[in-house]
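Containing PDB, C-alpha atoms: query34.pdb.
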```
ATOM      1  CA  MET Y   1      10.697 -11.669  -9.961
ATOM      2  CA  ARG Y   2       7.307 -11.198 -11.585
ATOM      3  CA  PHE Y   3       4.656  -8.600 -10.760
ATOM      4  CA  THR Y   4       1.104  -9.706 -11.542
ATOM      5  CA  PHE Y   5      -2.452  -9.149 -10.447
ATOM      6  CA  ALA Y   6      -3.551 -11.447  -7.651
ATOM      7  CA  THR Y   7      -6.346 -13.971  -8.089
ATOM      8  CA  LEU Y   8      -8.746 -15.523  -5.586
ATOM      9  CA  ALA Y   9      -6.362 -18.474  -5.372
ATOM     10  CA  ASP Y  10      -3.778 -16.067  -3.859
ATOM     11  CA  ALA Y  11      -6.005 -14.814  -1.022
ATOM     12  CA  ALA Y  12      -4.647 -17.100   1.722
ATOM     13  CA  ALA Y  13      -1.019 -16.404   0.797
ATOM     14  CA  ILE Y  14      -1.601 -12.639   0.715
ATOM     15  CA  ALA Y  15      -3.332 -12.716   4.111
ATOM     16  CA  ALA Y  16      -0.460 -14.761   5.555
ATOM     17  CA  LEU Y  17       2.107 -12.310   4.165
ATOM     18  CA  ARG Y  18       0.231  -9.330   5.626
ATOM     19  CA  VAL Y  19       0.001 -11.078   9.009
ATOM     20  CA  ALA Y  20       3.750 -11.833   8.958
ATOM     21  CA  ALA Y  21       4.524  -8.183   8.169
ATOM     22  CA  ALA Y  22       2.196  -6.963  10.958
ATOM     23  CA  GLU Y  23       3.769  -9.365  13.452
ATOM     24  CA  GLN Y  24       7.260  -8.182  12.486
ATOM     25  CA  LEU Y  25       6.261  -4.532  12.986
ATOM     26  CA  THR Y  26       4.760  -5.434  16.369
ATOM     27  CA  ALA Y  27       7.934  -7.282  17.385
ATOM     28  CA  ASP Y  28      10.087  -4.321  16.297
ATOM     29  CA  PHE Y  29       7.940  -1.401  17.511
ATOM     30  CA  GLY Y  30       5.410  -2.757  19.995
ATOM     31  CA  HIS Y  31       1.667  -2.999  19.669
ATOM     32  CA  GLY Y  32      -0.085  -0.382  17.526
ATOM     33  CA  HIS Y  33      -2.537  -0.001  14.685
ATOM     34  CA  TRP Y  34      -0.008  -1.807  12.484
ATOM     35  CA  SER Y  35      -0.570  -4.907  14.643
ATOM     36  CA  LEU Y  36      -3.990  -5.656  13.156
ATOM     37  CA  HIS Y  37      -4.126  -8.973  11.320
ATOM     38  CA  ALA Y  38      -5.371  -9.349   7.781
ATOM     39  CA  THR Y  39      -7.834 -12.108   6.999
ATOM     40  CA  GLU Y  40      -8.414 -14.173   3.903
ATOM     41  CA  ARG Y  41     -11.961 -12.806   3.820
ATOM     42  CA  GLY Y  42     -10.618  -9.233   3.795
ATOM     43  CA  VAL Y  43      -8.209 -10.056   0.977
ATOM     44  CA  ARG Y  44     -11.056 -11.588  -1.016
ATOM     45  CA  ARG Y  45     -12.998  -8.345  -0.508
ATOM     46  CA  ASP Y  46      -9.980  -6.390  -1.812
ATOM     47  CA  LEU Y  47      -9.766  -8.662  -4.841
ATOM     48  CA  ALA Y  48     -13.421  -8.077  -5.675
ATOM     49  CA  ALA Y  49     -13.248  -4.284  -5.489
ATOM     50  CA  SER Y  50      -9.628  -3.317  -6.214
ATOM     51  CA  ARG Y  51      -6.454  -4.114  -8.079
ATOM     52  CA  VAL Y  52      -4.183  -6.262  -5.912
ATOM     53  CA  ILE Y  53      -0.641  -6.486  -7.228
ATOM     54  CA  VAL Y  54       1.724  -9.202  -6.027
ATOM     55  CA  ALA Y  55       5.444  -9.781  -6.383
ATOM     56  CA  ARG Y  56       6.158 -13.449  -7.065
ATOM     57  CA  GLU Y  57       9.452 -15.235  -6.796
ATOM     58  CA  ASP Y  58       9.798 -18.967  -7.397
ATOM     59  CA  GLY Y  59       6.013 -19.271  -7.186
ATOM     60  CA  ALA Y  60       5.798 -17.616  -3.753
ATOM     61  CA  ILE Y  61       4.213 -14.226  -3.071
ATOM     62  CA  VAL Y  62       6.873 -12.033  -1.456
ATOM     63  CA  GLY Y  63       5.133  -8.658  -1.643
ATOM     64  CA  THR Y  64       1.751  -7.094  -2.251
ATOM     65  CA  LEU Y  65      -0.155  -3.847  -2.438
ATOM     66  CA  THR Y  66      -3.682  -2.814  -3.283
ATOM     67  CA  LEU Y  67      -4.821   0.053  -5.501
ATOM     68  CA  GLN Y  68      -8.405   1.181  -5.208
ATOM     69  CA  SER Y  69     -10.462   4.022  -6.614
ATOM     70  CA  LYS Y  70     -12.569   4.381  -3.465
ATOM     71  CA  ARG Y  71     -11.077   6.795  -0.944
ATOM     72  CA  PRO Y  72     -10.115   5.051   2.323
ATOM     73  CA  TRP Y  73     -11.817   6.325   5.467
ATOM     74  CA  ALA Y  74      -8.599   7.790   6.907
ATOM     75  CA  ILE Y  75      -7.678   9.918   3.880
ATOM     76  CA  ASP Y  76      -8.610  13.596   4.204
ATOM     77  CA  VAL Y  77      -8.610  14.952   0.642
ATOM     78  CA  THR Y  78      -8.236  18.549   1.838
ATOM     79  CA  HIS Y  79      -4.504  17.811   2.168
ATOM     80  CA  PHE Y  80      -4.160  17.127  -1.568
ATOM     81  CA  GLY Y  81      -4.231  19.316  -4.648
ATOM     82  CA  ALA Y  82      -6.758  19.197  -7.457
ATOM     83  CA  CYS Y  83      -7.036  15.844  -9.148
ATOM     84  CA  ARG Y  84      -9.723  14.385 -11.392
ATOM     85  CA  LYS Y  85      -9.006  10.719 -10.700
ATOM     86  CA  ALA Y  86      -6.840   9.300  -7.955
ATOM     87  CA  LEU Y  87      -6.023   5.763  -6.945
ATOM     88  CA  TYR Y  88      -5.386   4.984  -3.302
ATOM     89  CA  LEU Y  89      -2.597   2.661  -2.264
ATOM     90  CA  ILE Y  90      -3.412   0.481   0.744
ATOM     91  CA  ASN Y  91      -2.233  -2.739   2.368
ATOM     92  CA  MET Y  92       1.344  -2.732   1.135
ATOM     93  CA  ALA Y  93       3.466  -5.477   2.660
ATOM     94  CA  VAL Y  94       6.717  -7.267   1.907
ATOM     95  CA  GLU Y  95       7.633 -10.628   3.426
ATOM     96  CA  PRO Y  96       9.774  -9.687   6.465
ATOM     97  CA  ARG Y  97      12.821 -11.758   5.455
ATOM     98  CA  ARG Y  98      12.730 -10.095   2.013
ATOM     99  CA  GLN Y  99      12.507  -6.476   3.144
ATOM    100  CA  ARG Y 100      15.213  -3.992   2.154
ATOM    101  CA  GLN Y 101      15.869  -5.852  -1.103
ATOM    102  CA  GLY Y 102      14.041  -3.484  -3.452
ATOM    103  CA  ILE Y 103      10.757  -5.409  -3.606
ATOM    104  CA  GLY Y 104       8.718  -2.553  -2.143
ATOM    105  CA  ARG Y 105      10.250  -0.039  -4.532
ATOM    106  CA  ARG Y 106       9.489  -2.352  -7.475
ATOM    107  CA  LEU Y 107       5.899  -2.840  -6.258
ATOM    108  CA  LEU Y 108       5.477   0.940  -6.254
ATOM    109  CA  ALA Y 109       6.824   1.062  -9.819
ATOM    110  CA  ALA Y 110       4.247  -1.568 -10.836
ATOM    111  CA  ALA Y 111       1.542   0.496  -9.118
ATOM    112  CA  LEU Y 112       2.585   3.558 -11.128
ATOM    113  CA  VAL Y 113       2.315   1.596 -14.388
ATOM    114  CA  GLU Y 114      -1.192   0.469 -13.393
ATOM    115  CA  ALA Y 115      -2.224   3.987 -12.334
ATOM    116  CA  ARG Y 116      -1.120   5.399 -15.676
ATOM    117  CA  ALA Y 117      -3.060   2.684 -17.526
ATOM    118  CA  TYR Y 118      -6.187   3.231 -15.388
ATOM    119  CA  PRO Y 119      -5.760   6.293 -16.071
ATOM    120  CA  ALA Y 120      -5.330   8.192 -12.807
ATOM    121  CA  ASP Y 121      -3.721  11.573 -12.161
ATOM    122  CA  ALA Y 122      -2.260  10.523  -8.818
ATOM    123  CA  ILE Y 123      -1.585   7.769  -6.332
ATOM    124  CA  ARG Y 124      -2.402   8.767  -2.759
ATOM    125  CA  LEU Y 125      -1.756   7.011   0.519
ATOM    126  CA  ASP Y 126      -1.443   7.382   4.238
ATOM    127  CA  ALA Y 127       1.309   6.051   6.463
ATOM    128  CA  TYR Y 128       1.580   5.886  10.232
ATOM    129  CA  ASP Y 129       3.385   8.884  11.704
ATOM    130  CA  ALA Y 130       5.269   6.649  14.111
ATOM    131  CA  PRO Y 131       8.540   4.695  14.109
ATOM    132  CA  ALA Y 132       6.645   1.755  12.552
ATOM    133  CA  GLY Y 133       5.456   3.987   9.696
ATOM    134  CA  ALA Y 134       6.921   3.968   6.210
ATOM    135  CA  GLY Y 135       7.047   7.717   5.580
ATOM    136  CA  ASP Y 136      10.788   7.788   4.880
ATOM    137  CA  PHE Y 137      10.370   4.923   2.409
ATOM    138  CA  TYR Y 138       7.613   6.698   0.464
ATOM    139  CA  ARG Y 139       9.636   9.940   0.381
ATOM    140  CA  ALA Y 140      12.653   8.030  -0.956
ATOM    141  CA  CYS Y 141      10.417   6.557  -3.680
ATOM    142  CA  GLY Y 142       9.363  10.004  -4.891
ATOM    143  CA  TYR Y 143       6.053  10.410  -3.065
ATOM    144  CA  ALA Y 144       5.489  13.986  -1.902
ATOM    145  CA  PRO Y 145       4.336  14.596   1.675
ATOM    146  CA  ARG Y 146       0.970  16.363   1.670
ATOM    147  CA  GLY Y 147       0.092  16.697   5.325
ATOM    148  CA  ARG Y 148      -0.421  15.180   8.741
ATOM    149  CA  ARG Y 149      -3.548  14.373  10.634
ATOM    150  CA  VAL Y 150      -4.631  12.440  13.679
ATOM    151  CA  TYR Y 151      -7.580  10.331  12.647
ATOM    152  CA  ARG Y 152      -9.451   8.444  15.384
ATOM    153  CA  GLY Y 153      -6.365   8.622  17.571
ATOM    154  CA  VAL Y 154      -3.984   7.440  14.837
ATOM    155  CA  PRO Y 155      -1.298   9.909  13.690
ATOM    156  CA  LEU Y 156      -1.042   9.745   9.895
ATOM    157  CA  LEU Y 157       1.125  11.210   7.162
ATOM    158  CA  TYR Y 158      -0.363  11.730   3.698
ATOM    159  CA  PHE Y 159       1.632  11.196   0.511
ATOM    160  CA  GLU Y 160       0.935  11.645  -3.184
ATOM    161  CA  LEU Y 161       2.644  10.770  -6.436
ATOM    162  CA  MET Y 162       1.448  12.500  -9.592
ATOM    163  CA  THR Y 163       1.383  10.022 -12.468
ATOM    164  CA  GLY Y 164       1.988  12.437 -15.314
ATOM    165  CA  VAL Y 165      -1.354  11.457 -16.841
ATOM    166  CA  THR Y 166      -3.904  14.168 -17.548
ATOM    167  CA  VAL Y 167      -7.354  12.671 -17.194
TER
END
```
Starting from the file, lay out its structure as structure tokens.
Amino acid sequence: MRFTFATLADAAAIAALRVAAAEQLTADFGHGHWSLHATERGVRRDLAASRVIVAREDGAIVGTLTLQSKRPWAIDVTHFGACRKALYLINMAVEPRRQRQGIGRRLLAAALVEARAYPADAIRLDAYDAPAGAGDFYRACGYAPRGRRVYRGVPLLYFELMTGVTV
């Protein structure tokens, strides 16, 4: 398995993977905010403004995540400690048939390498505070819980991983 930065040529495959993951969550947990479908246009926007990392196996994209320096609208920074530079992890997805095989954990390791190179003091994210959320996964990967908040009717958990870099 290789972990690389995505290119514009990957946009359709990334959108399809995100849609498959959203549909699997909807099938497993019912309709919710996780049911929203990604679009190729949205992925292209991510590629223009962020670092999109993909996991590739035999030429196919089997996992992805996005790191961005711009704070997402749902993140309330009052839940986090002092930090000069943070990267925000968004849009993480693993192909449903490939979940629970360590791909997500390895994507997070690749994100940490990128955050240290950026350099950033921390990686921050939010996860749904619902059965479809990935809070237990992030905790198991070393991310520290930093708070809870309901934002526009969506219950969220905030997580942070300090990178060990002093910016």
Determine, using only C-alpha atoms, which residues of segment 6-102 of chain Y have any atom at most 7 Å from an atom of segment 125-138 of chain Y, and tabulate each with its shortest atom pair and distance in Å to one decimal place, rows ordered by chain and then rising number, as a Markdown table.
```
| residue | atom | partner | partner_atom | distance |
| --- | --- | --- | --- | --- |
| Y:Leu25 | CA | Y:Ala132 | CA | 6.3 |
| Y:Phe29 | CA | Y:Ala132 | CA | 6.0 |
| Y:Ile75 | CA | Y:Asp126 | CA | 6.7 |
| Y:Tyr88 | CA | Y:Leu125 | CA | 5.6 |
| Y:Leu89 | CA | Y:Leu125 | CA | 5.2 |
| Y:Ile90 | CA | Y:Leu125 | CA | 6.7 |
```
Requested in this report: Would you translate the PyMOL selection byres ((chain Y and resi 111) around 9) into the concrete set of residues it matches in this file, as an MDAnalysis selection string?
Outcome: chainID Y and resid 53 65:67 89 106:110 112:116 123
Requested in this report: Give me the residues within 8 Å of segment 2-10 of chain Y as a list in words, counting all atoms listed in the file and dropping any in the same chain fewer than 2 places off.
Outcome: Ala12, Ala13, Ile14, Arg44, Leu47, Arg51, Val52, Ile53, Val54, Ala55, Arg56, Glu57, Leu107 and Ala110 of chain Y
**Report entry** Pairwise distance for atom CA of Trp34 of chain Y and atom CA of Arg139 of chain Y, rounded to one decimal in Å
**Finding:**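 Computing it gives 19.4 Å between the two atoms.
Distance-wise, atom CA of Gly104 of chain Y and atom CA of Met92 of chain Y end up 8.1 Å apart.
When only C-alpha atoms are used to measure the gap to Ala21 of chain Y, the shortest distance among Y:Leu36, Y:Leu156, Y:Met1, Y:Val94 belongs to Y:Val94.
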Using the file's own x, y and z axes, so that the box edges lie along x, y and z, what centre and edge lengths in Å (one decimal) does a box around every listed atom of segment 44-56 of chain Y get when 5 Å is added on each side? Give it as AutoDock Vina command-line options.
```
--center_x -3.6 --center_y -8.4 --center_z -4.3 --size_x 29.6 --size_y 20.1 --size_z 17.6
```
Query raised in the report: When the PyMOL selection byres ((chain Y and resi 20) around 10) is applied to the file above, which residues end up in the set, as a count of residues only?
Result: 20
Query raised in the report: Taking all atoms listed in the file into account, which of Y:Pro119, Y:His33, Y:Cys141, Y:Gln68 comes nearest Phe159 of chain Y?
Result: Y:Cys141
Requested in this report: Decode the PyMOL selection byres ((chain Y and resi 152) around 12) for the given file into explicit residues and return them as a VMD selection string.
Outcome: chain Y and resid 33 73 to 75 149 to 151 153 to 156
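Taking atom CA of Arg124 of chain Y as the reference point, atom CA of Gln99 of chain Y is found at 22.1 Å.
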Requested in this report: Tell me which of Y:Ile61, Y:Ala27, Y:Ala117, Y:Ala11 sits closest to Arg41 of chain Y, counting all atoms listed in the file.
Outcome: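 Among the listed residues, the smallest separation from Arg41 of chain Y belongs to Y:Ala11.
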